[in-house]
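Source file work.tsv; content: TSV, C-alpha atoms.
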chain	number	residue	atom	x	y	z
A	14	MET	CA	71.50	96.88	145.00
A	15	ALA	CA	67.81	97.50	145.61
A	16	SER	CA	68.36	101.22	146.06
A	17	LEU	CA	71.13	101.70	143.50
A	18	LYS	CA	69.89	103.90	140.67
A	19	PHE	CA	72.10	104.42	137.66
A	20	THR	CA	72.20	107.89	136.15
A	21	HIS	CA	74.59	107.45	133.22
A	22	ALA	CA	75.70	104.96	130.60
A	23	VAL	CA	78.65	105.02	128.23
A	24	VAL	CA	78.18	103.20	124.92
A	25	CYS	CA	80.17	103.07	121.69
A	26	ARG	CA	78.75	102.90	118.20
A	27	ILE	CA	79.55	99.99	115.90
A	28	PRO	CA	82.42	100.32	113.41
A	29	LEU	CA	82.28	98.76	109.93
A	30	SER	CA	85.21	96.57	111.02
A	31	PHE	CA	82.85	94.78	113.45
A	32	ARG	CA	82.08	92.54	110.45
A	33	THR	CA	85.50	90.91	110.88
A	34	ARG	CA	84.31	89.35	114.15
A	35	GLY	CA	82.08	86.71	112.57
A	36	GLU	CA	79.18	86.18	110.18
A	37	ILE	CA	77.59	89.45	111.24
A	38	GLU	CA	74.89	91.39	109.40
A	39	LEU	CA	76.25	94.84	110.04
A	40	GLU	CA	73.11	96.87	109.35
A	41	GLU	CA	71.04	94.63	111.62
A	42	ALA	CA	73.73	94.88	114.33
A	43	LYS	CA	73.54	98.68	114.09
A	44	ARG	CA	69.73	98.63	114.32
A	45	GLN	CA	69.93	96.38	117.39
A	46	HIS	CA	72.46	98.70	119.01
A	47	GLU	CA	70.33	101.78	118.29
A	48	ALA	CA	67.31	100.09	119.91
A	49	TYR	CA	69.51	99.22	122.92
A	50	VAL	CA	70.65	102.82	123.35
A	51	ARG	CA	67.09	104.10	122.91
A	52	LEU	CA	65.87	101.78	125.68
A	53	LEU	CA	68.62	102.92	128.08
A	54	ARG	CA	67.46	106.50	127.50
A	55	GLU	CA	63.83	105.50	128.06
A	56	LEU	CA	64.86	104.06	131.43
A	57	GLY	CA	66.10	107.49	132.47
A	58	LEU	CA	69.82	107.21	131.74
A	59	ASP	CA	71.95	109.99	130.35
A	60	VAL	CA	73.70	108.05	127.56
A	61	ILE	CA	77.12	109.16	126.33
A	62	GLU	CA	77.71	107.73	122.84
A	63	LEU	CA	81.29	107.39	121.65
A	64	PRO	CA	82.02	107.39	117.92
A	65	PRO	CA	83.05	104.08	116.32
A	66	ASP	CA	86.78	103.42	115.86
A	67	GLU	CA	87.54	101.43	112.71
A	68	SER	CA	90.86	100.27	114.15
A	69	LEU	CA	89.00	98.67	117.07
A	70	PRO	CA	86.45	96.12	115.76
A	71	GLU	CA	85.21	95.28	119.29
A	72	CYS	CA	84.94	98.87	120.60
A	73	VAL	CA	81.14	98.41	120.97
A	74	PHE	CA	81.83	96.13	123.96
A	75	VAL	CA	82.72	98.95	126.37
A	76	GLU	CA	82.00	96.86	129.47
A	77	ASP	CA	85.41	95.19	129.14
A	78	THR	CA	87.37	98.44	129.48
A	79	ALA	CA	86.48	99.55	133.02
A	80	VAL	CA	84.79	98.52	136.26
A	81	VAL	CA	82.83	101.43	137.72
A	82	CYS	CA	81.54	101.26	141.28
A	83	ASN	CA	80.78	103.89	143.94
A	84	GLY	CA	81.86	106.66	141.58
A	85	ILE	CA	85.34	105.18	141.00
A	86	ALA	CA	86.53	103.71	137.70
A	87	LEU	CA	89.05	100.86	137.67
A	88	ILE	CA	90.65	100.81	134.23
A	89	THR	CA	91.06	97.20	133.09
A	90	ARG	CA	93.90	95.41	131.32
A	91	PRO	CA	92.14	93.46	128.54
A	92	GLY	CA	93.30	89.91	127.96
A	93	ALA	CA	93.34	90.51	124.17
A	94	PRO	CA	96.28	92.77	123.17
A	95	THR	CA	94.25	94.11	120.21
A	96	ARG	CA	91.92	95.82	122.69
A	97	VAL	CA	94.46	97.88	124.64
A	98	LYS	CA	93.68	101.09	122.72
A	99	GLU	CA	89.99	100.77	123.71
A	100	VAL	CA	91.08	101.25	127.31
A	101	GLU	CA	92.93	104.47	126.46
A	102	THR	CA	89.76	105.92	124.87
A	103	ILE	CA	87.57	105.01	127.85
A	104	ARG	CA	90.12	106.30	130.34
A	105	ALA	CA	90.13	109.71	128.62
A	106	VAL	CA	86.31	109.89	128.55
A	107	LEU	CA	85.81	108.80	132.17
A	108	LYS	CA	88.54	111.10	133.45
A	109	LYS	CA	88.25	114.26	131.34
A	110	GLU	CA	84.60	114.33	130.34
A	111	LEU	CA	82.93	112.54	133.23
A	112	ASP	CA	85.34	113.61	135.95
A	113	LEU	CA	85.45	110.16	137.59
A	114	PRO	CA	88.39	109.27	139.84
A	115	ILE	CA	90.53	106.68	137.99
A	116	VAL	CA	92.31	103.66	139.47
A	117	GLU	CA	95.05	102.04	137.36
A	118	ILE	CA	96.32	98.46	137.63
A	119	SER	CA	100.03	98.60	138.41
A	120	ASP	CA	100.69	94.84	138.14
A	121	GLU	CA	101.83	94.30	134.55
A	122	SER	CA	101.10	90.58	134.77
A	123	ALA	CA	97.40	91.31	135.42
A	124	LYS	CA	94.74	90.54	132.84
A	125	LEU	CA	91.22	91.82	133.43
A	126	ASP	CA	88.12	92.12	131.24
A	127	GLY	CA	85.05	93.87	132.66
A	128	GLY	CA	82.87	91.08	131.26
A	129	ASP	CA	84.40	88.81	133.91
A	130	VAL	CA	83.43	91.11	136.80
A	131	LEU	CA	80.04	90.50	138.44
A	132	PHE	CA	79.00	93.06	141.08
A	133	THR	CA	75.97	91.91	143.05
A	134	GLY	CA	75.51	95.22	144.86
A	135	ARG	CA	77.06	93.61	147.94
A	136	GLU	CA	80.21	91.87	146.66
A	137	PHE	CA	82.31	91.13	143.59
A	138	PHE	CA	82.88	87.86	141.78
A	139	VAL	CA	85.66	87.85	139.21
A	140	GLY	CA	85.74	85.11	136.59
A	141	LEU	CA	89.14	83.55	135.99
A	142	SER	CA	88.90	83.00	132.24
A	143	GLU	CA	91.11	83.19	129.18
A	144	TRP	CA	90.84	87.01	129.48
A	145	THR	CA	91.18	87.49	133.25
A	146	ASN	CA	93.71	86.05	135.72
A	147	GLU	CA	94.29	85.99	139.50
A	148	ALA	CA	96.28	89.23	139.36
A	149	GLY	CA	93.33	90.88	137.61
A	150	ALA	CA	90.97	89.65	140.34
A	151	ARG	CA	93.36	91.03	143.00
A	152	ALA	CA	93.24	94.42	141.25
A	153	VAL	CA	89.44	94.51	141.61
A	154	ALA	CA	89.75	93.62	145.31
A	155	ALA	CA	92.34	96.37	145.82
A	156	ALA	CA	90.29	99.01	143.97
A	157	PHE	CA	87.11	98.35	145.97
A	158	PRO	CA	88.29	97.19	149.42
A	159	GLU	CA	84.89	97.92	150.99
A	160	TYR	CA	83.42	94.85	149.23
A	161	PRO	CA	84.29	91.14	149.43
A	162	CYS	CA	85.86	90.01	146.15
A	163	THR	CA	86.01	86.34	145.14
A	164	PRO	CA	87.72	84.81	142.09
A	165	VAL	CA	85.62	82.14	140.33
A	166	LYS	CA	87.03	79.72	137.77
A	167	VAL	CA	85.28	79.76	134.37
A	168	THR	CA	86.00	76.56	132.45
A	169	GLU	CA	84.26	77.37	129.17
A	170	SER	CA	85.69	79.89	126.71
A	171	ARG	CA	83.20	82.50	127.94
A	172	HIS	CA	83.20	85.59	130.10
A	173	LEU	CA	81.71	85.13	133.58
A	174	LYS	CA	78.73	87.35	132.77
A	175	ALA	CA	77.85	85.25	129.73
A	176	LEU	CA	76.99	82.52	132.26
A	177	VAL	CA	75.63	84.49	135.23
A	178	SER	CA	74.36	88.06	135.60
A	179	MET	CA	72.21	90.09	138.00
A	180	ALA	CA	68.48	89.98	137.21
A	181	GLY	CA	67.33	92.16	140.10
A	182	PRO	CA	68.24	93.00	143.71
A	183	ASP	CA	70.01	89.89	145.04
A	184	VAL	CA	68.80	87.76	142.09
A	185	ILE	CA	71.37	85.90	139.98
A	186	CYS	CA	70.27	84.80	136.51
A	187	VAL	CA	72.03	81.61	135.39
A	188	GLY	CA	71.87	79.27	132.40
A	189	ALA	CA	70.81	75.64	132.84
A	190	GLY	CA	73.92	74.32	131.05
A	191	LYS	CA	76.75	72.49	132.79
A	192	ALA	CA	79.35	75.32	132.68
A	193	ALA	CA	76.90	77.90	134.03
A	194	GLN	CA	75.70	75.60	136.80
A	195	GLU	CA	79.31	74.84	137.84
A	196	VAL	CA	80.03	78.57	138.08
A	197	LEU	CA	76.86	79.09	140.14
A	198	LYS	CA	77.93	76.33	142.57
A	199	ARG	CA	81.31	78.04	143.01
A	200	ILE	CA	79.63	81.39	143.61
A	201	GLU	CA	77.19	79.93	146.16
A	202	ARG	CA	80.00	78.13	147.97
A	203	GLU	CA	82.17	81.26	148.26
A	204	ALA	CA	79.53	84.02	148.57
A	205	THR	CA	79.47	86.23	151.64
A	206	PHE	CA	75.76	86.95	151.10
A	207	SER	CA	72.88	84.79	149.94
A	208	TYR	CA	71.05	85.26	146.65
A	209	GLN	CA	67.99	83.98	144.87
A	210	THR	CA	68.66	82.27	141.56
A	211	LEU	CA	66.66	82.49	138.38
A	212	THR	CA	67.59	79.55	136.12
A	213	VAL	CA	66.84	79.91	132.42
A	214	PRO	CA	66.72	76.94	130.01
A	215	GLU	CA	68.69	78.66	127.23
A	216	ASP	CA	72.23	79.57	128.25
A	217	ILE	CA	72.27	82.64	125.99
A	218	ALA	CA	69.38	84.04	128.06
A	219	ALA	CA	71.52	84.22	131.22
A	220	ASN	CA	73.09	87.51	130.21
A	221	VAL	CA	70.54	90.12	131.31
A	222	LEU	CA	70.71	93.76	132.32
A	223	TYR	CA	68.92	95.10	135.40
A	224	VAL	CA	68.56	98.88	135.17
A	225	ASN	CA	66.63	101.06	137.59
A	226	GLY	CA	63.93	98.53	138.40
A	227	THR	CA	63.60	97.08	134.88
A	228	LEU	CA	64.94	93.73	133.68
A	229	ILE	CA	66.18	93.74	130.08
A	230	HIS	CA	66.45	90.34	128.41
A	231	ARG	CA	66.71	89.04	124.88
A	232	SER	CA	63.68	88.85	122.60
A	233	SER	CA	61.26	85.94	122.66
A	234	ASP	CA	62.22	84.78	119.16
A	235	GLU	CA	65.83	84.40	120.40
A	236	ILE	CA	65.01	82.82	123.77
A	237	PRO	CA	61.43	81.41	123.56
A	238	GLU	CA	61.68	79.03	126.55
A	239	SER	CA	63.47	81.48	128.80
A	240	THR	CA	61.00	84.25	127.96
A	241	LYS	CA	58.29	82.05	129.50
A	242	VAL	CA	60.41	81.70	132.65
A	243	PHE	CA	60.95	85.47	132.88
A	244	ALA	CA	57.20	86.08	132.41
A	245	GLU	CA	56.40	83.58	135.15
A	246	LYS	CA	59.07	84.47	137.72
A	247	VAL	CA	59.74	88.19	137.34
A	248	ASP	CA	57.14	90.42	138.99
A	249	PHE	CA	58.61	93.79	138.03
A	250	ALA	CA	59.02	95.65	134.72
A	251	ARG	CA	60.61	93.72	131.84
A	252	ARG	CA	61.74	94.82	128.39
A	253	SER	CA	63.19	92.68	125.63
A	254	LEU	CA	65.69	93.43	122.86
A	255	SER	CA	66.98	91.57	119.83
A	256	MET	CA	70.71	90.94	120.27
A	257	SER	CA	71.32	88.19	117.69
A	258	GLU	CA	74.04	90.03	115.73
A	259	LEU	CA	75.76	91.77	118.66
A	260	ALA	CA	75.83	88.52	120.65
A	261	LYS	CA	77.79	86.74	117.89
A	262	ALA	CA	80.91	88.53	119.11
A	263	GLY	CA	80.17	89.28	122.78
A	264	SER	CA	78.01	88.49	125.79
A	265	GLY	CA	75.24	90.72	124.51
A	266	LEU	CA	73.27	92.91	126.88
A	267	THR	CA	75.78	93.69	129.63
A	268	SER	CA	78.78	94.03	127.32
A	269	CYS	CA	77.52	97.05	125.35
A	270	CYS	CA	77.43	99.61	128.16
A	271	LEU	CA	79.20	100.94	131.23
A	272	LEU	CA	76.60	101.91	133.84
A	273	PHE	CA	77.26	104.24	136.72
A	274	ARG	CA	75.70	106.72	139.10
A	275	ARG	CA	76.70	110.36	139.11
A	276	THR	CA	75.34	113.14	141.26
A	277	ARG	CA	77.37	116.05	139.92
A	278	HIS	CA	76.61	117.70	136.59
A	279	ILE	CA	78.53	116.30	133.60
A	280	ARG	CA	79.62	118.28	130.56
A	281	SER	CA	78.03	116.79	127.46
A	282	LEU	CA	80.42	115.34	124.90
If you convert what's in this file into structure tokens, what do you get?
Amino acid sequence: MASLKFTHAVVCRIPLSFRTRGEIELEEAKRQHEAYVRLLRELGLDVIELPPDESLPECVFVEDTAVVCNGIALITRPGAPTRVKEVETIRAVLKKELDLPIVEISDESAKLDGGDVLFTGREFFVGLSEWTNEAGARAVAAAFPEYPCTPVKVTESRHLKALVSMAGPDVICVGAGKAAQEVLKRIEREATFSYQTLTVPEDIAANVLYVNGTLIHRSSDEIPESTKVFAEKVDFARRSLSMSELAKAGSGLTSCCLLFRRTRHIRSL
């Protein structure tokens, strides 16, 4: 993971129908998303922005639609039937516009959300949650046979990456709460490799994004105690973003983009 540099990100703008997903201030959510996209560009990524789809309130959470690794895209089978069309949109973009090889899941019993897939740079952990099942975890293992792949039970009604995420090369960021700590114990017990852990006092701070040497975490007004921990423990570049509105309906930072590395030229959308 230390040497992995992302070149591209796929994001999707927020539809008006996003308001149906909770008590969300839509204009603030849009501002937060624009700041997010701007930061990804500042970190050197070529960002492909998809237009919002009013029939898909959660289309902003593109992470759930695919797992991209080593230039290959595994198209997921979202646990929520309302999100199936999101997958069709992403498949078309990754295949036709970005020219990525596509892997489909043939097992119709499989359920898989990208928010349940944690890639450490060395191995995969797949959260078994209300959105992802054993057959979904097997699909990840089959798509990327060069990496160990371990299913991990998630007891809370959360995606795996809402509880643990990668905060740097071989560094797992984890919340201090009971559910997050249980997941971490399972990961440590089953892991093929060893990792450092960065424990944050606020569980909502555990979802971070590590991009090209920079750690992105939520703003200090949203996670005051955890911001102190990041300042103390992280000795490389950090940036913070407000995610209060976006996080009401998703995991926040990781869920709003698909990151990948491309070496060949891509046609712009």
Handout entry: atom CA of A:Gly265 to atom CA of A:Ile37, straight-line distance in Å
Key =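 Pair atom CA of A:Ile37 / atom CA of A:Gly265 returns 13.5 Å.
A straight line drawn from atom CA of A:Ala218 to atom CA of A:Thr89 is 25.9 Å long.
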For A:Glu40, the nearest of the candidates A:Leu259, A:Asn83, A:Asp248, A:Ala193, counting all atoms listed in the file: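 Closest to A:Glu40, using all atoms listed in the file: A:Leu259.
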_What does the structure give for the distance between atom CA of A:Gly92 and atom CA of A:Asp216, in Å to one decimal?_
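Answer for the atom CA of A:Gly92 to atom CA of A:Asp216 separation: 23.5 Å.
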- Pick out the closest residue to A:Gly263 from this set: A:Ala175, A:Leu56, A:Leu107, A:Leu125. Count all atoms listed in the file.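 Among the listed residues, the smallest separation from A:Gly263 belongs to A:Ala175.
Near A:Arg151, within a cut-off of 10 Å and counting all atoms listed in the file, sit the residues Ile118, Asp120, Ala123, Leu125, Val139, Asn146, Glu147, Ala155, Ala156, Cys162, Thr163 and Pro164 of chain A, with same-chain residues fewer than 4 positions away left out.
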With the cut-off set at 12 Å and counting only C-alpha atoms, tabulate each residue of stretch 245-276 of chain A with an atom at most that distance from an atom of stretch 200-215 of chain A, showing the nearest atom pair and its distance in Å to one decimal, ordered by chain and increasing number, as CSV.
residue,atom,partner,partner_atom,distance
A:Glu245,CA,A:Leu211,CA,10.8
A:Lys246,CA,A:Leu211,CA,7.9
A:Val247,CA,A:Leu211,CA,9.0
Open item on the list: At a cut-off of 10 Å, using only C-alpha atoms, what residues contact A:Val165? Leave out same-chain residues fewer than 6 positions from it and give the result as a list in words.
Closed with: Asp129, Val130, Phe138, Val139, Gly140, Leu141, Ser142, Glu147, Ala150, Leu173, Glu195, Val196, Leu197, Lys198, Arg199, Ile200 and Glu203 of chain A
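Distances here use only C-alpha atoms; by that measure, the residue among A:Glu47, A:Asp66, A:Glu76, A:Glu235 closest to A:Leu272 is A:Glu76.
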Would you compute the box with edges along x, y and z of the file around stretch 98-104 of chain A, including every atom the file lists for it and 5 Å extra on each side, and give its centre and edge lengths in Å to one decimal, as AutoDock Vina command-line options?
--center_x 90.6 --center_y 103.5 --center_z 126.5 --size_x 16.1 --size_y 15.5 --size_z 17.6
